[in-house]
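Okay, so here's the structure we're looking at.
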Amino acid sequence: MIESVSPRRTLFYRSDAFRTKAIAANVSQIAIVVAARPSFSPELVQRCILAAEDQGIGSLILLNKTDLPETTQARARLDGLVRIGYPCVELSAQCDPSPIRPWLAGHRTLLVGQSGMGKSTLVNALFPEAQADTAAYSEALDSGRHTTTHTRLFRLGDNAGLIDSPGLQEFALQHLDADALAHAFVEFRPYLGLCRFRDCRHEAEPGCRLTEAAEAGDIAPARLTLFRQLRRAQHQAAQRL
């Protein structure tokens with residue numbers, strides 16, 4: 001039963017050239033769950049962070065299943081995001097979920113990530129009454145089995161809550177134009193608006209401050225490459241409409 005309707009302050013969503021998929025509204029933080037096993041997509045993690053930045057939503061990364069030997073490699077794949085300021089909380093949801101508890105206080109947190117990362121296991125560890133469905137991931141496919149089919153809110157007192165959501169396979173950002181996309185890269189912000197040309201696309205234009213910053217090592221070249229790839233993909237998708 002709907003008791004009241006709150007004004008929408010934030011909306012975490014994804015969109016391709018044809019449709020928009022809303023995931024959760026009025027969240028103050030997303031927690032992107034990755035795991036030592038199965039493998040995860042660093043690009044999908046970054047796409048989630050970019051969507052959150054566009055809405056003014058905080059982001060943190062949860063590295064789950066740290067009892068597994070692949071943890072070192074998984075940690076290394078997140079190093080670039082940690083270096084630019086995104087916190088990474090390490091835990092094993094099956095053994096001890098307590099490392100995440102301080103990060104949930106005062107926030108409405110949305111759990112996002114690929115299937116098989118352990119989101120539902122974490123929910124069950126924090127809320128034993130949830131009885132969320134879990135399943136072993138497929139070793140043959142190196143992926144989860146999509147046991148969560150709908151989004152669900154669990155309350156943590158009056159001012160906090162945790163939202164579980166279905167596993168992601170992809171995360172398109174067609175709703176971000178070129179300027180919004182560039183601004184969503186937090187380390188780009190000090191250089192935006194300082195290029196030689198006002199309409200700089202940050203590709204091969206002379207005097208591009210982002211290119212210069214990447215060459216100087218002030219921003220990671222891989223992040224600039226990702227920005228360019230996303231911008232081109234969006235432009236191509238828009239042309240097909």
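Letters for chains follow the order of the structure tokens (A, B, ...), residue numbers begin at 1 for each chain, and ligand numbers begin at 1 in the order shown.
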Using only C-alpha atoms, find each residue in region 205-240 of chain A having at least one atom no more than 8 Å away from region 186-194 of chain A; report its shortest atom-to-atom pair and that distance in Å (one decimal), rows by chain then rising number, as a Markdown table.
| residue | atom | partner | partner_atom | distance |
| --- | --- | --- | --- | --- |
| A:Cys208 | CA | A:Leu194 | CA | 7.9 |
| A:Arg209 | CA | A:Tyr191 | CA | 5.9 |
| A:Leu210 | CA | A:Tyr191 | CA | 6.4 |
| A:Ile219 | CA | A:Glu187 | CA | 6.7 |
Can you tell me which residues surround Val112 (chain A) at a distance of at most 10 Å, considering only C-alpha atoms, apart from same-chain residues fewer than 2 positions away, and format the answer as a ChimeraX atom specification?
/A:23,30-34,45,48,61-62,109-110,114-115,117,119,163-168
Which of region 10-182 of chain A counts as alpha helix (DSSP H) under DSSP, as an MDAnalysis selection string please?
chainID A and resid 42:54 71:77 79:83 101:104 119:126 178:182
Pull the closest atom pair for each residue of region 29-73 of chain A that gets at most 10 Å from region 95-108 of chain A, along with the distance in Å to one decimal, counting only C-alpha atoms, ordering rows by chain and then ascending residue number, as a tab-separated table.
residue	atom	partner	partner_atom	distance
A:Gln29	CA	A:Arg108	CA	6.3
A:Ile30	CA	A:Arg108	CA	8.4
A:Ala31	CA	A:Leu104	CA	9.4
A:Gly58	CA	A:His107	CA	9.7
A:Leu60	CA	A:Trp103	CA	8.9
A:Leu62	CA	A:Ile100	CA	8.1
A:Asn64	CA	A:Pro97	CA	9.4
A:Lys65	CA	A:Cys95	CA	8.8
A:Thr66	CA	A:Cys95	CA	9.6
A:Asp67	CA	A:Cys95	CA	8.5
Include N, CA and C atoms and write out the residues we just selected as a PDB file, in the first residue's frame.
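Output file result-v1.pdb is given in full below:
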ATOM      1  N   GLN A  29      23.856   7.010  -1.854  1.00  0.00           N
ATOM      2  CA  GLN A  29      25.109   6.293  -2.039  1.00  0.00           C
ATOM      3  C   GLN A  29      24.851   5.002  -2.812  1.00  0.00           C
ATOM      4  N   ILE A  30      25.761   4.676  -3.724  1.00  0.00           N
ATOM      5  CA  ILE A  30      25.721   3.347  -4.323  1.00  0.00           C
ATOM      6  C   ILE A  30      26.930   2.572  -3.822  1.00  0.00           C
ATOM      7  N   ALA A  31      26.732   1.290  -3.627  1.00  0.00           N
ATOM      8  CA  ALA A  31      27.820   0.386  -3.260  1.00  0.00           C
ATOM      9  C   ALA A  31      27.926  -0.637  -4.379  1.00  0.00           C
ATOM     10  N   GLY A  58      26.965   9.552  -3.975  1.00  0.00           N
ATOM     11  CA  GLY A  58      28.274   9.041  -3.601  1.00  0.00           C
ATOM     12  C   GLY A  58      28.460   7.598  -4.039  1.00  0.00           C
ATOM     13  N   LEU A  60      30.892   3.938  -3.447  1.00  0.00           N
ATOM     14  CA  LEU A  60      31.961   3.165  -2.832  1.00  0.00           C
ATOM     15  C   LEU A  60      31.964   1.782  -3.459  1.00  0.00           C
ATOM     16  N   LEU A  62      32.656  -2.320  -2.989  1.00  0.00           N
ATOM     17  CA  LEU A  62      32.751  -3.428  -2.029  1.00  0.00           C
ATOM     18  C   LEU A  62      33.443  -4.591  -2.710  1.00  0.00           C
ATOM     19  N   ASN A  64      34.146  -8.145  -2.371  1.00  0.00           N
ATOM     20  CA  ASN A  64      33.620  -9.269  -1.603  1.00  0.00           C
ATOM     21  C   ASN A  64      34.441 -10.538  -1.867  1.00  0.00           C
ATOM     22  N   LYS A  65      34.211 -11.539  -1.039  1.00  0.00           N
ATOM     23  CA  LYS A  65      34.848 -12.863  -1.141  1.00  0.00           C
ATOM     24  C   LYS A  65      36.368 -12.768  -0.988  1.00  0.00           C
ATOM     25  N   THR A  66      36.800 -11.936  -0.051  1.00  0.00           N
ATOM     26  CA  THR A  66      38.238 -11.742   0.134  1.00  0.00           C
ATOM     27  C   THR A  66      38.926 -12.929   0.791  1.00  0.00           C
ATOM     28  N   ASP A  67      38.149 -13.969   1.100  1.00  0.00           N
ATOM     29  CA  ASP A  67      38.757 -15.202   1.588  1.00  0.00           C
ATOM     30  C   ASP A  67      39.292 -16.054   0.442  1.00  0.00           C
TER      31      ASP A  67
END
For Ala36 (chain A), list every protein, DNA or RNA residue within 12 Å, evaluated using only C-alpha atoms, and leave out those in the same chain fewer than 2 positions away; present the list as a VMD selection string.
chain A and resid 33 to 34 38 to 41 62 to 78 90 to 92 116 to 118 142 to 143
Take the selection from the previous step and output its residues with N, CA and C atoms, as a short mmCIF file (atom, residue, chain, number, x, y, z; two decimals), in the first residue's frame.
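Writing the result to selection_14.cif gives the following:
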data_model
loop_
_atom_site.label_atom_id
_atom_site.label_comp_id
_atom_site.auth_asym_id
_atom_site.auth_seq_id
_atom_site.Cartn_x
_atom_site.Cartn_y
_atom_site.Cartn_z
N VAL A 33 29.24 -3.81 -5.85
CA VAL A 33 29.78 -5.06 -5.31
C VAL A 33 30.53 -5.80 -6.40
N VAL A 34 31.80 -6.07 -6.15
CA VAL A 34 32.62 -6.90 -7.03
C VAL A 34 33.18 -8.03 -6.17
N PRO A 38 33.23 -14.81 -9.29
CA PRO A 38 33.73 -14.78 -10.66
C PRO A 38 34.33 -13.43 -11.01
N SER A 39 34.92 -13.35 -12.18
CA SER A 39 35.57 -12.11 -12.58
C SER A 39 34.52 -11.02 -12.83
N PHE A 40 34.93 -9.78 -12.71
CA PHE A 40 34.02 -8.65 -12.90
C PHE A 40 34.57 -7.72 -13.97
N SER A 41 33.71 -6.83 -14.44
CA SER A 41 34.08 -5.88 -15.47
C SER A 41 34.44 -4.54 -14.84
N LEU A 62 32.66 -2.32 -2.99
CA LEU A 62 32.75 -3.43 -2.03
C LEU A 62 33.44 -4.59 -2.71
N LEU A 63 34.62 -4.91 -2.25
CA LEU A 63 35.33 -6.08 -2.76
C LEU A 63 34.98 -7.26 -1.86
N ASN A 64 34.15 -8.14 -2.37
CA ASN A 64 33.62 -9.27 -1.60
C ASN A 64 34.44 -10.54 -1.87
N LYS A 65 34.21 -11.54 -1.04
CA LYS A 65 34.85 -12.86 -1.14
C LYS A 65 36.37 -12.77 -0.99
N THR A 66 36.80 -11.94 -0.05
CA THR A 66 38.24 -11.74 0.13
C THR A 66 38.93 -12.93 0.79
N ASP A 67 38.15 -13.97 1.10
CA ASP A 67 38.76 -15.20 1.59
C ASP A 67 39.29 -16.05 0.44
N LEU A 68 39.05 -15.64 -0.79
CA LEU A 68 39.50 -16.41 -1.95
C LEU A 68 40.88 -15.94 -2.42
N PRO A 69 41.66 -16.83 -3.01
CA PRO A 69 43.03 -16.48 -3.39
C PRO A 69 43.13 -15.46 -4.52
N GLU A 70 42.05 -15.24 -5.28
CA GLU A 70 42.09 -14.28 -6.39
C GLU A 70 41.94 -12.83 -5.93
N THR A 71 41.88 -12.61 -4.62
CA THR A 71 41.65 -11.27 -4.09
C THR A 71 42.72 -10.28 -4.54
N THR A 72 43.98 -10.68 -4.54
CA THR A 72 45.05 -9.77 -4.91
C THR A 72 44.86 -9.24 -6.32
N GLN A 73 44.52 -10.11 -7.26
CA GLN A 73 44.30 -9.68 -8.63
C GLN A 73 43.08 -8.77 -8.74
N ALA A 74 42.02 -9.10 -8.00
CA ALA A 74 40.82 -8.27 -8.04
C ALA A 74 41.11 -6.88 -7.48
N ARG A 75 41.87 -6.82 -6.40
CA ARG A 75 42.24 -5.54 -5.79
C ARG A 75 43.04 -4.68 -6.77
N ALA A 76 43.93 -5.31 -7.51
CA ALA A 76 44.75 -4.56 -8.47
C ALA A 76 43.91 -3.95 -9.57
N ARG A 77 42.82 -4.60 -9.95
CA ARG A 77 41.96 -4.09 -11.02
C ARG A 77 41.16 -2.87 -10.58
N LEU A 78 41.10 -2.64 -9.29
CA LEU A 78 40.38 -1.49 -8.74
C LEU A 78 41.30 -0.35 -8.36
N GLU A 90 36.75 -3.94 1.87
CA GLU A 90 36.97 -5.36 1.62
C GLU A 90 36.29 -6.19 2.70
N LEU A 91 35.65 -7.27 2.28
CA LEU A 91 34.97 -8.14 3.23
C LEU A 91 34.71 -9.49 2.60
N SER A 92 34.29 -10.42 3.42
CA SER A 92 33.74 -11.69 2.97
C SER A 92 32.35 -11.81 3.60
N GLY A 116 26.39 -12.81 -9.27
CA GLY A 116 27.44 -13.68 -8.75
C GLY A 116 28.44 -13.01 -7.85
N MET A 117 28.30 -11.68 -7.63
CA MET A 117 29.25 -10.96 -6.80
C MET A 117 28.98 -11.11 -5.31
N GLY A 118 27.79 -11.58 -4.96
CA GLY A 118 27.47 -11.81 -3.55
C GLY A 118 26.58 -10.77 -2.92
N ASP A 142 31.71 -18.38 -15.95
CA ASP A 142 32.36 -17.35 -15.14
C ASP A 142 31.40 -16.19 -14.87
N SER A 143 30.18 -16.53 -14.45
CA SER A 143 29.18 -15.50 -14.18
C SER A 143 28.13 -16.04 -13.21
#
